[in-house]
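Chemist: File structure.pdb follows (PDB, C-alpha atoms):
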```pdb
ATOM      1  CA  MET A   1       0.000   0.000   0.000
ATOM      2  CA  ALA A   2       2.766   2.403   1.030
ATOM      3  CA  SER A   3       4.708   1.741  -2.152
ATOM      4  CA  ARG A   4       1.586   2.455  -4.244
ATOM      5  CA  LEU A   5       1.181   5.753  -2.421
ATOM      6  CA  VAL A   6       4.812   6.678  -3.100
ATOM      7  CA  ILE A   7       4.393   5.900  -6.793
ATOM      8  CA  ALA A   8       1.142   7.905  -6.960
ATOM      9  CA  LEU A   9       2.806  10.875  -5.245
ATOM     10  CA  ALA A  10       5.820  10.637  -7.562
ATOM     11  CA  ILE A  11       3.537  10.708 -10.623
ATOM     12  CA  PHE A  12       1.607  13.633  -9.150
ATOM     13  CA  ALA A  13       4.857  15.556  -8.560
ATOM     14  CA  LEU A  14       5.956  14.827 -12.112
ATOM     15  CA  VAL A  15       2.733  16.231 -13.544
ATOM     16  CA  LEU A  16       2.938  19.278 -11.253
ATOM     17  CA  GLY A  17       6.525  19.942 -12.269
ATOM     18  CA  HIS A  18       5.727  19.711 -15.952
ATOM     19  CA  GLY A  19       2.429  21.390 -16.800
ATOM     20  CA  ASN A  20       3.525  20.745 -20.390
ATOM     21  CA  ALA A  21       3.021  17.010 -19.847
ATOM     22  CA  GLN A  22      -0.611  17.778 -20.661
ATOM     23  CA  LEU A  23       0.189  19.460 -23.987
ATOM     24  CA  SER A  24      -0.172  17.280 -27.058
ATOM     25  CA  THR A  25      -0.004  17.700 -30.813
ATOM     26  CA  ASN A  26      -3.501  16.237 -31.277
ATOM     27  CA  PHE A  27      -5.204  18.172 -28.481
ATOM     28  CA  TYR A  28      -7.931  19.622 -30.765
ATOM     29  CA  ALA A  29      -8.142  16.674 -33.188
ATOM     30  CA  SER A  30     -11.772  15.953 -32.359
ATOM     31  CA  SER A  31     -12.905  19.260 -30.785
ATOM     32  CA  CYS A  32     -11.679  21.478 -33.661
ATOM     33  CA  PRO A  33     -10.606  19.427 -36.696
ATOM     34  CA  LYS A  34     -10.438  22.481 -38.995
ATOM     35  CA  LEU A  35      -8.161  24.431 -36.630
ATOM     36  CA  PHE A  36      -4.885  24.185 -38.563
ATOM     37  CA  SER A  37      -6.315  25.001 -41.989
ATOM     38  CA  THR A  38      -8.264  27.936 -40.517
ATOM     39  CA  VAL A  39      -5.220  29.444 -38.824
ATOM     40  CA  LYS A  40      -2.923  28.876 -41.775
ATOM     41  CA  SER A  41      -5.158  30.531 -44.365
ATOM     42  CA  THR A  42      -5.398  33.671 -42.203
ATOM     43  CA  VAL A  43      -1.624  33.770 -41.579
ATOM     44  CA  GLN A  44      -0.978  33.196 -45.293
ATOM     45  CA  SER A  45      -3.254  36.067 -46.194
ATOM     46  CA  ALA A  46      -1.560  38.422 -43.686
ATOM     47  CA  ILE A  47       1.948  37.512 -44.928
ATOM     48  CA  SER A  48       0.848  37.937 -48.557
ATOM     49  CA  LYS A  49      -0.153  41.514 -47.677
ATOM     50  CA  GLU A  50       3.076  42.172 -45.721
ATOM     51  CA  ALA A  51       5.939  39.659 -45.604
ATOM     52  CA  ARG A  52       7.289  41.229 -42.403
ATOM     53  CA  MET A  53       4.177  40.048 -40.542
ATOM     54  CA  GLY A  54       5.602  36.527 -40.317
ATOM     55  CA  ALA A  55       8.479  37.795 -38.184
ATOM     56  CA  SER A  56       6.092  39.892 -36.105
ATOM     57  CA  LEU A  57       3.921  36.864 -35.268
ATOM     58  CA  LEU A  58       6.959  34.742 -34.392
ATOM     59  CA  ARG A  59       8.181  37.504 -32.083
ATOM     60  CA  LEU A  60       4.771  37.805 -30.387
ATOM     61  CA  PHE A  61       5.010  34.145 -29.384
ATOM     62  CA  PHE A  62       8.543  34.672 -28.003
ATOM     63  CA  HIS A  63       7.468  37.766 -26.043
ATOM     64  CA  ASP A  64       4.465  35.859 -24.703
ATOM     65  CA  CYS A  65       6.403  32.779 -23.551
ATOM     66  CA  PHE A  66       9.183  34.778 -21.864
ATOM     67  CA  VAL A  67       6.727  36.512 -19.511
ATOM     68  CA  ASN A  68       5.134  34.043 -17.079
ATOM     69  CA  GLY A  69       4.960  31.352 -19.764
ATOM     70  CA  CYS A  70       3.069  30.851 -23.028
ATOM     71  CA  ASP A  71      -0.323  32.005 -21.762
ATOM     72  CA  GLY A  72      -1.538  34.666 -24.209
ATOM     73  CA  SER A  73      -0.938  37.432 -21.647
ATOM     74  CA  ILE A  74       0.793  39.664 -24.224
ATOM     75  CA  LEU A  75      -2.506  39.943 -26.140
ATOM     76  CA  LEU A  76      -4.470  41.624 -23.335
ATOM     77  CA  ASP A  77      -5.232  45.337 -23.816
ATOM     78  CA  ASP A  78      -4.756  47.878 -21.054
ATOM     79  CA  THR A  79      -7.997  49.148 -19.503
ATOM     80  CA  SER A  80      -8.749  51.732 -16.814
ATOM     81  CA  SER A  81      -8.475  48.984 -14.192
ATOM     82  CA  PHE A  82      -5.938  46.640 -15.817
ATOM     83  CA  THR A  83      -2.344  47.127 -16.983
ATOM     84  CA  GLY A  84      -1.211  44.601 -19.549
ATOM     85  CA  GLU A  85       2.144  43.974 -21.242
ATOM     86  CA  LYS A  86       1.644  45.853 -24.515
ATOM     87  CA  ASN A  87       3.172  49.072 -23.160
ATOM     88  CA  ALA A  88       6.157  47.422 -21.487
ATOM     89  CA  ASN A  89       9.468  48.707 -22.910
ATOM     90  CA  PRO A  90      10.192  45.661 -25.118
ATOM     91  CA  ASN A  91       6.684  45.807 -26.642
ATOM     92  CA  LYS A  92       5.712  49.486 -26.853
ATOM     93  CA  ASN A  93       5.806  50.783 -30.462
ATOM     94  CA  SER A  94       7.364  47.445 -31.302
ATOM     95  CA  ALA A  95       5.204  44.341 -30.756
ATOM     96  CA  ARG A  96       2.758  44.043 -33.622
ATOM     97  CA  GLY A  97       0.435  41.604 -35.367
ATOM     98  CA  PHE A  98      -2.349  41.831 -32.776
ATOM     99  CA  GLU A  99      -4.951  42.481 -35.486
ATOM    100  CA  VAL A 100      -3.864  39.297 -37.291
ATOM    101  CA  ILE A 101      -4.343  37.302 -34.081
ATOM    102  CA  ASP A 102      -7.818  38.899 -33.783
ATOM    103  CA  SER A 103      -8.636  37.777 -37.337
ATOM    104  CA  ILE A 104      -7.417  34.236 -36.664
ATOM    105  CA  LYS A 105      -9.394  34.061 -33.416
ATOM    106  CA  SER A 106     -12.639  35.196 -35.060
ATOM    107  CA  ALA A 107     -12.145  32.696 -37.917
ATOM    108  CA  VAL A 108     -11.468  29.886 -35.409
ATOM    109  CA  GLU A 109     -14.489  30.899 -33.295
ATOM    110  CA  LYS A 110     -16.674  30.462 -36.385
ATOM    111  CA  VAL A 111     -15.603  26.835 -36.871
ATOM    112  CA  CYS A 112     -15.374  25.809 -33.179
ATOM    113  CA  PRO A 113     -16.617  28.437 -30.711
ATOM    114  CA  GLY A 114     -15.162  28.556 -27.213
ATOM    115  CA  VAL A 115     -12.671  25.739 -27.769
ATOM    116  CA  VAL A 116      -9.238  27.061 -28.796
ATOM    117  CA  SER A 117      -7.149  29.344 -26.579
ATOM    118  CA  CYS A 118      -5.443  32.513 -27.770
ATOM    119  CA  ALA A 119      -2.178  31.111 -26.341
ATOM    120  CA  ASP A 120      -2.428  28.117 -28.695
ATOM    121  CA  ILE A 121      -3.377  30.339 -31.635
ATOM    122  CA  LEU A 122      -0.120  32.272 -31.065
ATOM    123  CA  ALA A 123       1.878  29.024 -31.039
ATOM    124  CA  ILE A 124       0.308  27.813 -34.301
ATOM    125  CA  ALA A 125       0.630  31.228 -35.995
ATOM    126  CA  ALA A 126       4.358  31.333 -35.121
ATOM    127  CA  ARG A 127       4.915  27.890 -36.679
ATOM    128  CA  ASP A 128       2.875  28.769 -39.783
ATOM    129  CA  SER A 129       4.788  32.027 -40.244
ATOM    130  CA  VAL A 130       8.141  30.219 -40.260
ATOM    131  CA  GLN A 131       6.890  27.571 -42.670
ATOM    132  CA  ILE A 132       5.230  30.049 -45.065
ATOM    133  CA  LEU A 133       8.520  32.005 -45.243
ATOM    134  CA  GLN A 134      10.350  28.845 -46.456
ATOM    135  CA  GLY A 135      11.436  27.670 -43.014
ATOM    136  CA  PRO A 136      10.952  24.274 -41.369
ATOM    137  CA  ASN A 137       7.633  22.760 -40.347
ATOM    138  CA  TRP A 138       6.841  20.913 -37.108
ATOM    139  CA  ASP A 139       3.921  19.592 -35.074
ATOM    140  CA  VAL A 140       2.905  22.151 -32.436
ATOM    141  CA  LYS A 141       2.075  20.914 -28.954
ATOM    142  CA  LEU A 142      -1.276  22.333 -27.836
ATOM    143  CA  GLY A 143      -3.600  22.464 -24.853
ATOM    144  CA  ARG A 144      -2.530  25.781 -23.304
ATOM    145  CA  ARG A 145      -5.165  27.942 -21.658
ATOM    146  CA  ASP A 146      -5.295  31.738 -21.474
ATOM    147  CA  ALA A 147      -4.104  33.784 -18.517
ATOM    148  CA  ARG A 148      -6.496  36.037 -16.632
ATOM    149  CA  THR A 149      -3.549  38.223 -15.624
ATOM    150  CA  ALA A 150      -0.600  39.984 -17.230
ATOM    151  CA  SER A 151       2.511  41.669 -15.848
ATOM    152  CA  GLN A 152       4.062  44.786 -17.290
ATOM    153  CA  SER A 153       6.956  44.574 -14.809
ATOM    154  CA  ALA A 154       7.660  40.943 -15.736
ATOM    155  CA  ALA A 155       7.673  41.985 -19.414
ATOM    156  CA  ASN A 156      10.096  44.820 -18.649
ATOM    157  CA  ASN A 157      12.411  42.485 -16.757
ATOM    158  CA  GLY A 158      11.920  39.182 -18.533
ATOM    159  CA  ILE A 159      12.426  39.891 -22.236
ATOM    160  CA  PRO A 160      16.153  40.244 -23.010
ATOM    161  CA  PRO A 161      16.880  43.710 -24.473
ATOM    162  CA  PRO A 162      19.059  44.135 -27.595
ATOM    163  CA  THR A 163      21.784  45.625 -25.355
ATOM    164  CA  SER A 164      22.245  42.238 -23.611
ATOM    165  CA  ASN A 165      25.688  40.655 -23.474
ATOM    166  CA  LEU A 166      26.242  36.918 -23.966
ATOM    167  CA  ASN A 167      26.255  36.001 -20.256
ATOM    168  CA  GLN A 168      22.992  37.887 -19.693
ATOM    169  CA  LEU A 169      21.387  36.082 -22.635
ATOM    170  CA  ILE A 170      22.581  32.644 -21.511
ATOM    171  CA  SER A 171      21.403  33.263 -17.968
ATOM    172  CA  ARG A 172      17.949  34.554 -18.959
ATOM    173  CA  PHE A 173      17.313  31.600 -21.271
ATOM    174  CA  SER A 174      18.663  29.168 -18.694
ATOM    175  CA  ALA A 175      16.259  30.552 -16.047
ATOM    176  CA  LEU A 176      13.411  29.429 -18.322
ATOM    177  CA  GLY A 177      14.869  25.971 -18.880
ATOM    178  CA  LEU A 178      16.332  26.797 -22.301
ATOM    179  CA  SER A 179      19.869  25.719 -23.211
ATOM    180  CA  THR A 180      22.614  27.789 -24.809
ATOM    181  CA  LYS A 181      21.950  25.907 -28.050
ATOM    182  CA  ASP A 182      18.259  26.885 -27.759
ATOM    183  CA  LEU A 183      19.360  30.516 -27.309
ATOM    184  CA  VAL A 184      21.449  30.511 -30.489
ATOM    185  CA  ALA A 185      18.848  28.605 -32.516
ATOM    186  CA  LEU A 186      15.974  30.877 -31.406
ATOM    187  CA  SER A 187      18.075  33.966 -32.150
ATOM    188  CA  GLY A 188      18.134  32.619 -35.700
ATOM    189  CA  GLY A 189      14.526  33.807 -35.872
ATOM    190  CA  HIS A 190      16.223  37.108 -36.719
ATOM    191  CA  THR A 191      16.735  35.705 -40.214
ATOM    192  CA  ILE A 192      13.384  37.433 -40.842
ATOM    193  CA  GLY A 193      12.026  40.774 -39.706
ATOM    194  CA  GLN A 194      13.163  44.333 -39.083
ATOM    195  CA  ALA A 195      14.623  46.334 -36.219
ATOM    196  CA  ARG A 196      14.145  49.993 -35.330
ATOM    197  CA  CYS A 197      17.077  52.410 -35.489
ATOM    198  CA  THR A 198      16.789  53.124 -31.752
ATOM    199  CA  ASN A 199      17.734  49.475 -31.111
ATOM    200  CA  PHE A 200      20.886  49.382 -33.243
ATOM    201  CA  ARG A 201      22.123  53.002 -33.225
ATOM    202  CA  ALA A 202      24.700  52.426 -30.473
ATOM    203  CA  ARG A 203      26.056  49.370 -32.288
ATOM    204  CA  ILE A 204      26.603  50.997 -35.681
ATOM    205  CA  TYR A 205      28.148  54.184 -34.234
ATOM    206  CA  ASN A 206      30.091  52.956 -31.192
ATOM    207  CA  GLU A 207      31.124  49.327 -31.622
ATOM    208  CA  SER A 208      34.267  48.018 -33.268
ATOM    209  CA  ASN A 209      33.283  44.379 -33.900
ATOM    210  CA  ILE A 210      31.211  45.424 -36.893
ATOM    211  CA  GLU A 211      32.107  45.210 -40.574
ATOM    212  CA  THR A 212      32.859  48.761 -41.714
ATOM    213  CA  SER A 213      30.877  48.951 -44.948
ATOM    214  CA  PHE A 214      27.907  47.302 -43.226
ATOM    215  CA  ALA A 215      27.959  49.925 -40.449
ATOM    216  CA  THR A 216      28.282  52.745 -43.005
ATOM    217  CA  SER A 217      25.319  51.481 -45.036
ATOM    218  CA  LYS A 218      23.136  51.317 -41.896
ATOM    219  CA  LYS A 219      23.978  54.908 -40.888
ATOM    220  CA  THR A 220      22.211  56.307 -43.961
ATOM    221  CA  ASN A 221      18.833  55.309 -42.483
ATOM    222  CA  CYS A 222      19.708  55.740 -38.801
ATOM    223  CA  PRO A 223      21.043  59.191 -37.845
ATOM    224  CA  ARG A 224      23.439  59.453 -34.890
ATOM    225  CA  ALA A 225      21.272  61.895 -32.923
ATOM    226  CA  SER A 226      18.801  60.204 -30.623
ATOM    227  CA  GLY A 227      15.223  61.255 -31.348
ATOM    228  CA  THR A 228      15.758  61.497 -35.103
ATOM    229  CA  GLY A 229      14.737  58.496 -37.178
ATOM    230  CA  ASP A 230      14.259  56.314 -34.088
ATOM    231  CA  ASN A 231      11.575  54.228 -35.785
ATOM    232  CA  ASN A 232      13.360  53.859 -39.137
ATOM    233  CA  LEU A 233      13.570  50.172 -39.975
ATOM    234  CA  SER A 234      16.403  47.988 -41.164
ATOM    235  CA  PRO A 235      16.307  44.240 -41.925
ATOM    236  CA  LEU A 236      17.892  42.002 -39.272
ATOM    237  CA  ASP A 237      19.211  39.801 -42.105
ATOM    238  CA  LEU A 238      20.384  42.028 -44.917
ATOM    239  CA  GLN A 239      20.619  39.153 -47.434
ATOM    240  CA  THR A 240      17.135  37.596 -47.369
ATOM    241  CA  PRO A 241      14.943  39.482 -44.866
ATOM    242  CA  THR A 242      11.740  37.667 -45.820
ATOM    243  CA  ALA A 243      13.149  34.139 -46.203
ATOM    244  CA  PHE A 244      13.696  31.861 -43.214
ATOM    245  CA  ASP A 245      17.215  30.522 -43.835
ATOM    246  CA  ASN A 246      20.654  30.464 -42.194
ATOM    247  CA  ASN A 247      21.941  33.781 -43.583
ATOM    248  CA  TYR A 248      21.593  35.374 -40.139
ATOM    249  CA  PHE A 249      24.458  33.156 -38.935
ATOM    250  CA  ARG A 250      26.540  33.736 -42.054
ATOM    251  CA  ASN A 251      26.170  37.465 -41.376
ATOM    252  CA  LEU A 252      27.344  37.060 -37.764
ATOM    253  CA  VAL A 253      30.519  35.275 -38.900
ATOM    254  CA  GLN A 254      31.239  38.384 -41.022
ATOM    255  CA  ASN A 255      30.521  40.785 -38.100
ATOM    256  CA  LYS A 256      27.303  41.899 -39.789
ATOM    257  CA  GLY A 257      24.941  41.344 -36.872
ATOM    258  CA  LEU A 258      22.564  44.305 -36.649
ATOM    259  CA  LEU A 259      21.831  44.218 -32.915
ATOM    260  CA  HIS A 260      24.458  44.182 -30.175
ATOM    261  CA  SER A 261      22.785  41.030 -28.771
ATOM    262  CA  ASP A 262      23.035  39.353 -32.208
ATOM    263  CA  GLN A 263      26.783  39.890 -32.578
ATOM    264  CA  GLN A 264      27.343  38.768 -28.982
ATOM    265  CA  LEU A 265      26.638  35.238 -30.218
ATOM    266  CA  PHE A 266      29.777  35.429 -32.373
ATOM    267  CA  ASN A 267      32.345  37.517 -30.559
ATOM    268  CA  GLY A 268      35.037  35.156 -29.297
ATOM    269  CA  GLY A 269      32.748  33.514 -26.726
ATOM    270  CA  SER A 270      31.297  30.085 -25.978
ATOM    271  CA  THR A 271      28.637  30.245 -28.719
ATOM    272  CA  ASP A 272      30.990  30.930 -31.652
ATOM    273  CA  SER A 273      31.171  27.237 -32.567
ATOM    274  CA  ILE A 274      27.359  26.872 -32.616
ATOM    275  CA  VAL A 275      27.062  29.920 -34.899
ATOM    276  CA  ARG A 276      29.747  28.546 -37.243
ATOM    277  CA  GLY A 277      27.917  25.226 -37.349
ATOM    278  CA  TYR A 278      24.606  26.825 -38.316
ATOM    279  CA  ALA A 279      26.321  29.109 -40.851
ATOM    280  CA  SER A 280      27.723  26.091 -42.689
ATOM    281  CA  ASN A 281      24.883  23.610 -42.108
ATOM    282  CA  PRO A 282      21.346  24.955 -42.655
ATOM    283  CA  SER A 283      19.694  21.620 -41.858
ATOM    284  CA  SER A 284      21.293  21.470 -38.395
ATOM    285  CA  PHE A 285      19.964  24.987 -37.743
ATOM    286  CA  SER A 286      16.475  23.928 -38.878
ATOM    287  CA  SER A 287      16.347  20.876 -36.638
ATOM    288  CA  ASP A 288      17.723  22.755 -33.602
ATOM    289  CA  PHE A 289      15.298  25.623 -34.237
ATOM    290  CA  ILE A 290      12.368  23.173 -34.186
ATOM    291  CA  SER A 291      13.560  21.666 -30.878
ATOM    292  CA  ALA A 292      14.068  25.109 -29.385
ATOM    293  CA  MET A 293      10.604  26.308 -30.469
ATOM    294  CA  ILE A 294       9.027  23.223 -28.873
ATOM    295  CA  ASN A 295      11.059  23.796 -25.690
ATOM    296  CA  MET A 296      10.027  27.460 -25.585
ATOM    297  CA  GLY A 297       6.392  26.494 -26.148
ATOM    298  CA  ASP A 298       6.647  24.260 -23.064
ATOM    299  CA  ILE A 299       7.399  27.175 -20.699
ATOM    300  CA  SER A 300       4.851  27.212 -17.830
ATOM    301  CA  PRO A 301       1.622  26.651 -19.769
ATOM    302  CA  LEU A 302      -1.741  26.903 -18.021
ATOM    303  CA  THR A 303      -3.538  23.595 -18.530
ATOM    304  CA  GLY A 304      -6.547  21.648 -17.311
ATOM    305  CA  SER A 305      -8.858  23.973 -15.398
ATOM    306  CA  GLN A 306      -6.283  26.769 -14.993
ATOM    307  CA  GLY A 307      -6.948  30.089 -16.727
ATOM    308  CA  GLU A 308      -9.710  30.256 -19.331
ATOM    309  CA  ILE A 309     -10.461  30.090 -23.053
ATOM    310  CA  ARG A 310     -10.864  33.753 -24.014
ATOM    311  CA  LYS A 311     -13.641  34.708 -26.414
ATOM    312  CA  ASN A 312     -11.709  37.838 -27.435
ATOM    313  CA  CYS A 313      -7.910  37.644 -27.199
ATOM    314  CA  ARG A 314      -7.699  41.271 -26.043
ATOM    315  CA  ARG A 315      -9.715  40.876 -22.866
ATOM    316  CA  ILE A 316     -10.510  38.490 -20.059
ATOM    317  CA  ASN A 317     -13.952  36.868 -20.350
TER     318      ASN A 317
END
```
Could the structure of this file be written out as structure tokens, please?
Modeler:
Amino acid sequence: MASRLVIALAIFALVLGHGNAQLSTNFYASSCPKLFSTVKSTVQSAISKEARMGASLLRLFFHDCFVNGCDGSILLDDTSSFTGEKNANPNKNSARGFEVIDSIKSAVEKVCPGVVSCADILAIAARDSVQILQGPNWDVKLGRRDARTASQSAANNGIPPPTSNLNQLISRFSALGLSTKDLVALSGGHTIGQARCTNFRARIYNESNIETSFATSKKTNCPRASGTGDNNLSPLDLQTPTAFDNNYFRNLVQNKGLLHSDQQLFNGGSTDSIVRGYASNPSSFSSDFISAMINMGDISPLTGSQGEIRKNCRRIN
């Protein structure tokens, strides 16, 4: 009897320690069989209108998972009595794609009302964005529920800023159960998308580990004086900014990383060898990126009876 109790308690502890044990790739197979096709057609349509949107949706998922787990908290609007995460420093004037998530949610609600969480919609939209932009495909684990809370302070403190050095990046990812390899692979998401001048100005004007002609070309669209051209955009991967490939890593090896935090991954430190590997072997990057996305999607999900299934991703039911 005692041994049965010990085993039962051990299993209970295992489930408690890994909320993600309840996530599965076929979670909505019977409750919402048209889920994947519904999400994908909406993402495809948004990316057809603006290729950059794929990167924006991928980033939304990252910014969601890094703040109290993948729980859709980033999608909640501020109200007179509620402060969400949208105006936190890493998100303000920066996080985007909320209207696309709204469109996906309303399309999904038409085919299976009240079933699919906004947190899961973000996870699927991130995968679809990568795949539509010629990146790898994978089966997304699902079954997350939506948070009834959000935390602006956790968003301010939890999302690594572009000024981060390598040790800060490794330590932040490690605190969430992500390895150094996960860090480098997920940073490869910067093979798509754009950054604002305010986030790379210091790098192009003050840093020496930057290829000279690359820095010069970036200065034309990003004036030295703070407050002028702050929101001017530049592609994070100057070769193929709307194709998900390994050029981001090839750029780093040439000291052509746009953000300080990008170039930190290849600057004489412990991650240089991983970057070199991805620069020369695109398939190893793809497979490690898939693993890292699955690992990130496993961060502290709400499952079972926790949280809720929001009707509107912008507000609590």
Chemist: Where does the PyMOL selection byres ((chain A and resi 35) around 12) land in this file, that is, which residues does it pick, as a ChimeraX atom specification?
Modeler: /A:26-34,36-42,104-113,115-117,120-121,124-125,142
Chemist: Could you give me, as a Markdown table, every segment 84-178 of chain A residue with an atom at most 6 Å from segment 248-270 of chain A, plus its closest atom pair and distance in Å to one decimal, counting only C-alpha atoms, rows ordered by chain then number?
Modeler:
```
| residue | atom | partner | partner_atom | distance |
| --- | --- | --- | --- | --- |
| A:Pro162 | CA | A:Ser261 | CA | 5.0 |
| A:Thr163 | CA | A:His260 | CA | 5.7 |
| A:Ser164 | CA | A:Ser261 | CA | 5.3 |
| A:Leu166 | CA | A:Gln264 | CA | 5.5 |
```
Chemist: Counting all atoms listed in the file, which of A:Ser73, A:Gln22, A:Ser291, A:Thr191 gets nearest to Gln239 of chain A?
Modeler: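 Looking only at the distances to Gln239 of chain A, the closest residue turns out to be A:Thr191.
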Chemist: Separation of atom CA of Gly304 of chain A and atom CA of Gly143 of chain A, in Å?
Modeler: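 These two atoms are separated by 8.1 Å.
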Chemist: Would you list the residues near (18.4, 37.0, -46.4) (no more than 12 Å away, in the coordinates of the file, using only C-alpha atoms) as a count of residues only?
Modeler: 26
Chemist: Find the residues near Leu178 of chain A: any atom within 8 Å, counting only C-alpha atoms, skip ones fewer than 4 places away on the same chain, and give them as a list in words.
Modeler: Phe173, Ser174, Asp182, Leu183, Ala292, Asn295 and Met296 of chain A
Chemist: Just to confirm, what's the straight-line distance from atom CA of Ser179 of chain A to atom CA of Ala147 of chain A in Å (one decimal)?
Modeler: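 Distance reported for this atom pair: 25.7 Å.
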Chemist: Regenerate segment 188-206 of chain A at the level of N, CA and C atoms and dump it as a PDB file, keeping the file's coordinate frame.
Modeler:
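Below is the file result_11.pdb, written as the result:
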```pdb
ATOM      1  N   GLY A 188      18.200  32.755 -34.246  1.00  0.00           N
ATOM      2  CA  GLY A 188      18.134  32.619 -35.700  1.00  0.00           C
ATOM      3  C   GLY A 188      16.797  33.018 -36.282  1.00  0.00           C
ATOM      4  N   GLY A 189      15.787  33.228 -35.419  1.00  0.00           N
ATOM      5  CA  GLY A 189      14.526  33.807 -35.872  1.00  0.00           C
ATOM      6  C   GLY A 189      14.742  35.192 -36.471  1.00  0.00           C
ATOM      7  N   HIS A 190      15.891  35.799 -36.144  1.00  0.00           N
ATOM      8  CA  HIS A 190      16.223  37.108 -36.719  1.00  0.00           C
ATOM      9  C   HIS A 190      16.677  36.995 -38.182  1.00  0.00           C
ATOM     10  N   THR A 191      16.526  35.828 -38.774  1.00  0.00           N
ATOM     11  CA  THR A 191      16.735  35.705 -40.214  1.00  0.00           C
ATOM     12  C   THR A 191      15.585  36.376 -40.975  1.00  0.00           C
ATOM     13  N   ILE A 192      14.489  36.679 -40.244  1.00  0.00           N
ATOM     14  CA  ILE A 192      13.384  37.433 -40.842  1.00  0.00           C
ATOM     15  C   ILE A 192      13.098  38.640 -39.949  1.00  0.00           C
ATOM     16  N   GLY A 193      12.473  39.640 -40.515  1.00  0.00           N
ATOM     17  CA  GLY A 193      12.026  40.774 -39.706  1.00  0.00           C
ATOM     18  C   GLY A 193      12.936  41.991 -39.756  1.00  0.00           C
ATOM     19  N   GLN A 194      12.503  43.020 -39.051  1.00  0.00           N
ATOM     20  CA  GLN A 194      13.163  44.333 -39.083  1.00  0.00           C
ATOM     21  C   GLN A 194      13.395  44.827 -37.655  1.00  0.00           C
ATOM     22  N   ALA A 195      14.384  45.698 -37.517  1.00  0.00           N
ATOM     23  CA  ALA A 195      14.623  46.334 -36.219  1.00  0.00           C
ATOM     24  C   ALA A 195      14.559  47.848 -36.391  1.00  0.00           C
ATOM     25  N   ARG A 196      14.206  48.530 -35.297  1.00  0.00           N
ATOM     26  CA  ARG A 196      14.145  49.993 -35.330  1.00  0.00           C
ATOM     27  C   ARG A 196      15.512  50.590 -35.020  1.00  0.00           C
ATOM     28  N   CYS A 197      15.800  51.703 -35.657  1.00  0.00           N
ATOM     29  CA  CYS A 197      17.077  52.410 -35.489  1.00  0.00           C
ATOM     30  C   CYS A 197      17.461  52.583 -34.011  1.00  0.00           C
ATOM     31  N   THR A 198      16.483  52.891 -33.167  1.00  0.00           N
ATOM     32  CA  THR A 198      16.789  53.124 -31.752  1.00  0.00           C
ATOM     33  C   THR A 198      17.428  51.893 -31.095  1.00  0.00           C
ATOM     34  N   ASN A 199      17.189  50.708 -31.689  1.00  0.00           N
ATOM     35  CA  ASN A 199      17.734  49.475 -31.111  1.00  0.00           C
ATOM     36  C   ASN A 199      19.094  49.061 -31.673  1.00  0.00           C
ATOM     37  N   PHE A 200      19.548  49.731 -32.738  1.00  0.00           N
ATOM     38  CA  PHE A 200      20.886  49.382 -33.243  1.00  0.00           C
ATOM     39  C   PHE A 200      21.797  50.597 -33.435  1.00  0.00           C
ATOM     40  N   ARG A 201      21.320  51.779 -33.074  1.00  0.00           N
ATOM     41  CA  ARG A 201      22.123  53.002 -33.225  1.00  0.00           C
ATOM     42  C   ARG A 201      23.474  52.896 -32.513  1.00  0.00           C
ATOM     43  N   ALA A 202      23.447  52.501 -31.252  1.00  0.00           N
ATOM     44  CA  ALA A 202      24.700  52.426 -30.473  1.00  0.00           C
ATOM     45  C   ALA A 202      25.673  51.441 -31.123  1.00  0.00           C
ATOM     46  N   ARG A 203      25.159  50.360 -31.661  1.00  0.00           N
ATOM     47  CA  ARG A 203      26.056  49.370 -32.288  1.00  0.00           C
ATOM     48  C   ARG A 203      26.742  49.926 -33.524  1.00  0.00           C
ATOM     49  N   ILE A 204      25.980  50.558 -34.418  1.00  0.00           N
ATOM     50  CA  ILE A 204      26.603  50.997 -35.681  1.00  0.00           C
ATOM     51  C   ILE A 204      27.525  52.208 -35.501  1.00  0.00           C
ATOM     52  N   TYR A 205      27.300  53.002 -34.427  1.00  0.00           N
ATOM     53  CA  TYR A 205      28.148  54.184 -34.234  1.00  0.00           C
ATOM     54  C   TYR A 205      29.288  53.963 -33.238  1.00  0.00           C
ATOM     55  N   ASN A 206      29.116  53.039 -32.293  1.00  0.00           N
ATOM     56  CA  ASN A 206      30.091  52.956 -31.192  1.00  0.00           C
ATOM     57  C   ASN A 206      30.890  51.664 -31.127  1.00  0.00           C
TER      58      ASN A 206
END
```
